[in-house]
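Pasting run_9.txt here (compact mmCIF, C-alpha atoms):
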```txt
# COMPACT_ATOMS: atom_id res chain seq x y z
CA MET A 4 116.08 62.93 93.56
CA LEU A 5 119.64 63.72 92.45
CA GLU A 6 119.20 67.21 93.85
CA GLU A 7 118.41 65.90 97.34
CA VAL A 8 121.33 63.48 97.27
CA LEU A 9 123.77 66.27 96.32
CA ARG A 10 122.38 68.57 99.00
CA VAL A 11 122.61 65.91 101.73
CA ILE A 12 126.21 65.07 100.77
CA GLY A 13 127.07 68.77 100.80
CA MET A 14 125.49 69.29 104.20
CA VAL A 15 127.37 66.30 105.64
CA LEU A 16 130.67 67.70 104.35
CA LEU A 17 129.84 71.16 105.76
CA SER A 18 128.98 69.63 109.16
CA ILE A 19 132.33 67.80 109.22
CA GLY A 20 133.99 71.14 108.53
CA LEU A 21 132.07 72.84 111.36
CA PHE A 22 133.24 70.23 113.87
CA ALA A 23 136.83 70.29 112.62
CA ILE A 24 137.24 74.07 112.68
CA VAL A 25 136.01 74.22 116.28
CA VAL A 26 138.46 71.46 117.24
CA SER A 27 141.23 73.34 115.46
CA ALA A 28 140.46 76.67 117.14
CA ILE A 29 140.39 75.06 120.57
CA GLY A 30 143.60 73.16 119.83
CA PHE A 31 145.42 76.39 119.00
CA HIS A 32 144.80 77.55 122.57
CA ARG A 33 145.29 74.23 124.35
CA PHE A 34 148.54 72.98 122.78
CA LYS A 35 151.75 74.01 124.46
CA ASN A 36 154.24 74.76 121.68
CA PHE A 37 154.60 75.55 117.99
CA TYR A 38 155.15 71.99 116.80
CA LEU A 39 151.99 70.76 118.50
CA ARG A 40 149.97 73.67 117.08
CA LEU A 41 150.91 72.44 113.59
CA HIS A 42 148.65 69.44 114.23
CA ALA A 43 145.76 71.75 115.10
CA LEU A 44 146.34 73.78 111.94
CA THR A 45 146.29 70.77 109.62
CA VAL A 46 143.00 69.55 111.10
CA GLY A 47 141.54 72.94 110.30
CA THR A 48 143.00 72.88 106.78
CA ILE A 49 141.95 69.52 105.37
CA TRP A 50 138.78 68.81 107.36
CA GLY A 51 137.76 72.38 108.05
CA CYS A 52 138.41 74.04 104.68
CA ILE A 53 138.68 71.54 101.82
CA PHE A 54 135.71 69.36 102.77
CA PRO A 55 133.27 72.30 103.14
CA LEU A 56 134.52 73.77 99.85
CA PHE A 57 133.71 70.53 98.01
CA GLY A 58 130.39 70.32 99.84
CA MET A 59 129.43 73.87 98.91
CA ALA A 60 130.32 73.09 95.29
CA LEU A 61 127.81 70.21 95.37
CA VAL A 62 125.16 72.41 97.01
CA ALA A 63 125.71 75.29 94.59
CA VAL A 64 125.06 73.03 91.60
CA THR A 65 121.53 72.36 92.87
CA LEU A 66 120.54 76.03 93.31
CA ASP A 67 118.45 76.83 90.26
CA ASP A 68 117.75 80.48 91.07
CA LEU A 69 121.42 81.38 90.54
CA GLY A 70 121.15 80.62 86.82
CA VAL A 71 124.33 79.75 84.97
CA TYR A 72 126.38 81.34 87.74
CA ARG A 73 125.89 78.24 89.88
CA TRP A 74 128.45 76.49 87.69
CA PHE A 75 130.81 79.41 88.27
CA ILE A 76 130.46 79.11 92.06
CA ALA A 77 130.89 75.32 91.96
CA GLY A 78 133.90 75.45 89.66
CA ALA A 79 135.63 78.18 91.63
CA SER A 80 135.04 76.24 94.86
CA VAL A 81 136.58 73.08 93.43
CA VAL A 82 139.58 74.96 92.02
CA THR A 83 140.14 76.70 95.36
CA ALA A 84 139.89 73.39 97.23
CA VAL A 85 142.43 71.74 94.93
CA ILE A 86 144.81 74.71 95.27
CA VAL A 87 144.57 74.56 99.08
CA LEU A 88 145.00 70.78 98.97
CA MET A 89 148.28 71.19 97.08
CA LEU A 90 149.74 74.32 98.70
CA ALA A 91 148.75 74.14 102.38
CA PRO A 92 150.89 71.07 103.28
CA ALA A 93 153.86 72.55 101.41
CA GLY A 94 153.47 75.85 103.23
CA SER A 95 153.17 74.36 106.70
CA HIS A 96 156.17 72.09 106.01
CA ALA A 97 158.25 75.11 104.94
CA ILE A 98 157.32 77.17 107.99
CA ALA A 99 157.98 74.25 110.37
CA ARG A 100 161.40 73.57 108.85
CA ALA A 101 162.36 77.26 108.97
CA VAL A 102 161.22 77.70 112.57
CA HIS A 103 163.21 74.65 113.66
CA ARG A 104 166.36 75.69 111.79
CA ALA A 105 166.21 79.29 112.99
CA LYS A 106 165.69 78.07 116.59
CA VAL A 107 162.68 80.34 116.98
CA ALA A 108 160.46 77.94 118.92
CA ARG A 109 161.71 75.55 121.61
CA VAL A 110 160.41 72.01 121.94
CA GLN A 111 158.85 72.15 125.35
CA PRO A 112 158.37 69.84 127.24
CA CYS A 113 161.12 67.92 125.44
CA LEU A 114 162.24 64.31 125.73
CA ALA A 115 164.60 64.19 122.74
CA ASP A 116 165.38 66.30 119.68
CA LEU A 117 167.70 64.28 117.47
CA LEU A 118 167.92 66.98 114.79
CA ASP A 119 169.24 69.72 117.06
CA SER A 120 170.05 68.82 120.65
CA GLU A 121 170.54 72.48 121.64
CA LEU A 122 166.81 73.10 121.49
CA CYS A 123 166.24 70.43 124.15
CA GLU A 124 169.00 71.29 126.63
CA GLY A 125 168.17 71.63 130.30
CA ASP A 126 164.59 70.52 129.80
CA LYS A 127 164.70 66.74 130.06
CA HIS A 128 161.49 64.90 130.87
CA GLY A 129 159.34 68.00 130.86
CA MET B 23 112.36 70.21 104.38
CA ILE B 24 115.90 69.55 103.19
CA GLU B 25 116.11 73.07 101.81
CA THR B 26 115.14 74.63 105.17
CA ILE B 27 117.72 72.53 107.00
CA MET B 28 120.31 73.54 104.40
CA TRP B 29 119.79 77.29 104.84
CA ILE B 30 119.78 76.98 108.64
CA LEU B 31 123.00 74.94 108.52
CA MET B 32 124.63 77.58 106.30
CA VAL B 33 123.73 80.43 108.67
CA VAL B 34 124.97 78.38 111.66
CA SER B 35 128.18 77.70 109.71
CA VAL B 36 128.74 81.42 109.14
CA ILE B 37 128.41 82.05 112.88
CA VAL B 38 130.68 79.16 113.92
CA TYR B 39 133.36 80.00 111.36
CA THR B 40 133.33 83.64 112.46
CA VAL B 41 133.75 82.63 116.10
CA SER B 42 136.71 80.41 115.21
CA ALA B 43 138.26 83.24 113.20
CA VAL B 44 138.06 85.40 116.32
CA LEU B 45 139.71 82.61 118.35
CA PHE B 46 142.51 82.34 115.77
CA SER B 47 143.03 86.10 115.75
CA VAL B 48 143.71 85.99 119.50
CA VAL B 49 146.71 83.79 118.65
CA VAL B 50 147.78 86.25 115.94
CA PHE B 51 148.07 89.07 118.47
CA ARG B 52 149.32 87.06 121.46
CA GLY B 53 151.10 84.00 120.04
CA PRO B 54 154.47 83.29 121.71
CA THR B 55 156.59 83.02 118.53
CA VAL B 56 156.37 84.35 115.00
CA GLY B 57 155.69 80.79 113.80
CA ASP B 58 152.48 80.60 115.79
CA GLN B 59 151.34 83.91 114.35
CA VAL B 60 151.93 82.74 110.79
CA LEU B 61 150.06 79.50 111.48
CA ALA B 62 147.12 81.46 112.87
CA ILE B 63 147.06 83.74 109.81
CA ASP B 64 146.99 80.60 107.64
CA ALA B 65 144.02 79.28 109.59
CA ILE B 66 142.18 82.63 109.35
CA THR B 67 142.67 82.62 105.58
CA TYR B 68 141.23 79.11 105.23
CA VAL B 69 138.24 80.15 107.36
CA THR B 70 137.82 83.19 105.11
CA LEU B 71 137.75 80.98 102.00
CA VAL B 72 134.83 78.99 103.39
CA LEU B 73 133.06 82.20 104.48
CA ILE B 74 133.42 83.65 100.97
CA VAL B 75 131.76 80.59 99.44
CA LEU B 76 128.99 80.63 102.04
CA PHE B 77 128.31 84.34 101.55
CA SER B 78 128.31 84.04 97.78
CA ILE B 79 125.63 81.34 98.05
CA LEU B 80 123.61 83.05 100.80
CA PHE B 81 123.62 86.50 99.17
CA LYS B 82 123.41 85.11 95.60
CA GLU B 83 126.50 87.11 94.61
CA PRO B 84 128.71 84.91 92.41
CA ILE B 85 131.24 87.71 91.90
CA LEU B 86 132.50 87.16 95.48
CA MET B 87 134.10 83.89 94.38
CA VAL B 88 136.67 85.78 92.31
CA VAL B 89 138.69 86.72 95.40
CA ALA B 90 138.93 83.17 96.76
CA ILE B 91 141.67 81.83 94.49
CA PRO B 92 144.13 84.77 94.89
CA LEU B 93 143.58 84.56 98.65
CA ALA B 94 144.58 80.88 98.67
CA LEU B 95 147.70 81.69 96.65
CA TRP B 96 148.60 84.71 98.80
CA VAL B 97 148.74 82.73 102.03
CA TYR B 98 151.15 80.24 100.47
CA ALA B 99 153.38 83.16 99.44
CA LEU B 100 153.26 84.41 103.05
CA ASP B 101 154.43 80.99 104.32
CA ILE B 102 157.30 80.86 101.85
CA TYR B 103 158.43 84.45 102.47
CA VAL B 104 158.40 84.10 106.24
CA SER B 105 160.22 80.76 106.17
CA LYS B 106 162.87 82.13 103.81
CA TYR B 107 163.34 85.19 106.00
CA LEU B 108 163.70 83.05 109.12
CA GLU B 109 166.24 80.70 107.53
CA LYS B 110 168.41 83.10 105.54
CA GLY B 111 167.91 86.44 107.27
CA ASP B 112 166.69 88.27 104.17
CA LEU B 113 164.22 87.71 101.38
CA GLY B 114 166.86 87.59 98.64
CA ALA B 115 166.15 87.58 94.95
```
Whole structure, structure tokens version:
Amino acid sequence: MLEEVLRVIGMVLLSIGLFAIVVSAIGFHRFKNFYLRLHALTVGTIWGCIFPLFGMALVAVTLDDLGVYRWFIAGASVVTAVIVLMLAPAGSHAIARAVHRAKVARVQPCLADLLDSELCEGDKHG
Amino acid sequence: MIETIMWILMVVSVIVYTVSAVLFSVVVFRGPTVGDQVLAIDAITYVTLVLIVLFSILFKEPILMVVAIPLALWVYALDIYVSKYLEKGDLGA
């Protein structure tokens, strides 16, 4: 009974990840500039990576033919998910801040950029 | 019943994640700015983490999981190095 419950929860989490990673991959091609693509990346990080990792940890616990190594797979999945949960937002924040300060990517189409008005010049109202 | 659905879902997941990795790698080669390329490499690494877990369950090879944690740490180091290079102009000490 417990085995089925764990497997169903794991499959639901994996299905959420499947949907999210497809949305993220399409968003990378549809969005117009760097700052919008950040949104697509974070969908793929939290929903597309961390949720399936937790789900696969739950599924791996139920697989008896792996022996004691099923605890190894489950534990490593959980540790990886927690590491990604802590480091991925910090990393994407750092890269966004650096790109904006170094004026690498323009905000386009731009209505207002209160941090640095140079990036928005000559491109009012898209 | 549930077990059959589970294995089918895992194989479908491997295919879908591989296709999205290919879509992300198009951005790595084409992407307009260096920021987009770094974001796409981030996304490819997160896809690879999930693929490693799926393969280690499908192939019954627990030793594959060993590479997952250093991979997650490496991509954070890439973010920090690139952002420091863009802001300051060198990597510094």
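By chain and then residue number, the residues within 6 Å of segment 96-108 of chain A are Ser105, Leu108 and Glu109 of chain B, counting all atoms listed in the file and disregarding those fewer than 6 positions away in sequence.
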File of the preceding selection, C-alpha atoms, as a compact mmCIF listing (two decimals), in the coordinates of the input:
```txt
# COMPACT_ATOMS: atom_id res chain seq x y z
CA SER B 105 160.22 80.76 106.17
CA LEU B 108 163.70 83.05 109.12
CA GLU B 109 166.24 80.70 107.53
```
Using only C-alpha atoms, find each residue in chain A having at least one atom no more than 8 Å away from chain B; report its shortest atom-to-atom pair and that distance in Å (one decimal), rows by chain then rising number, as a tab-separated table.
```
residue	atom	partner	partner_atom	distance
A:Glu7	CA	B:Ile24	CA	7.3
A:Arg10	CA	B:Met28	CA	7.6
A:Val11	CA	B:Ile24	CA	7.8
A:Met14	CA	B:Met28	CA	6.7
A:Leu17	CA	B:Ser35	CA	7.8
A:Leu21	CA	B:Ser35	CA	6.4
A:Ile24	CA	B:Ser42	CA	6.8
A:Val25	CA	B:Ser42	CA	6.3
A:Ala28	CA	B:Ser42	CA	5.6
A:Ile29	CA	B:Leu45	CA	7.9
A:Phe31	CA	B:Phe46	CA	7.4
A:His32	CA	B:Val49	CA	7.6
A:Phe37	CA	B:Asp58	CA	5.9
A:Arg40	CA	B:Asp58	CA	7.5
A:Leu41	CA	B:Leu61	CA	7.4
A:Leu44	CA	B:Ala65	CA	6.4
A:Gly47	CA	B:Ala65	CA	6.8
A:Thr48	CA	B:Tyr68	CA	6.7
A:Gly51	CA	B:Val69	CA	7.8
A:Cys52	CA	B:Tyr68	CA	5.8
A:Pro55	CA	B:Val72	CA	6.9
A:Leu56	CA	B:Val72	CA	6.3
A:Met59	CA	B:Val75	CA	7.1
A:Ala63	CA	B:Ile79	CA	7.0
A:Leu69	CA	B:Lys82	CA	6.6
A:Tyr72	CA	B:Pro84	CA	6.3
A:Arg73	CA	B:Pro84	CA	7.7
A:Phe75	CA	B:Pro84	CA	7.2
A:Ile76	CA	B:Pro84	CA	6.1
A:Ala79	CA	B:Met87	CA	6.5
A:Ser80	CA	B:Val75	CA	7.1
A:Val82	CA	B:Ile91	CA	7.6
A:Thr83	CA	B:Ile91	CA	5.4
A:Ile86	CA	B:Ala94	CA	7.0
A:Val87	CA	B:Ala94	CA	6.3
A:Leu90	CA	B:Tyr98	CA	6.3
A:Ala91	CA	B:Tyr98	CA	6.8
A:Gly94	CA	B:Asp101	CA	5.3
A:Ser95	CA	B:Asp101	CA	7.2
A:Ala97	CA	B:Ser105	CA	6.1
A:Ile98	CA	B:Ser105	CA	5.0
A:Ala99	CA	B:Gly57	CA	7.7
A:Arg100	CA	B:Ser105	CA	7.8
A:Ala101	CA	B:Ser105	CA	5.0
A:Val102	CA	B:Gly57	CA	6.5
A:Arg104	CA	B:Glu109	CA	6.6
A:Ala105	CA	B:Glu109	CA	5.6
A:Val107	CA	B:Thr55	CA	6.8
A:Ala108	CA	B:Thr55	CA	6.4
```
For Cys123 of chain A, find every residue with an atom within 9 Å (counting only C-alpha atoms), except residues of its own chain fewer than 6 positions away, and show them as a VMD selection string. chain A and resid 109 to 116
As an exercise, work out the distance from atom CA of Asp112 of chain B to atom CA of Trp96 of chain B in Å and give it to one decimal place. 19.2 Å
Skip Val62 of chain A itself and residues of its chain fewer than 4 positions away, then list as an NGL selection string all residues within 7 Å of it, counting only C-alpha atoms. :A and (9-10 or 13 or 58 or 66)
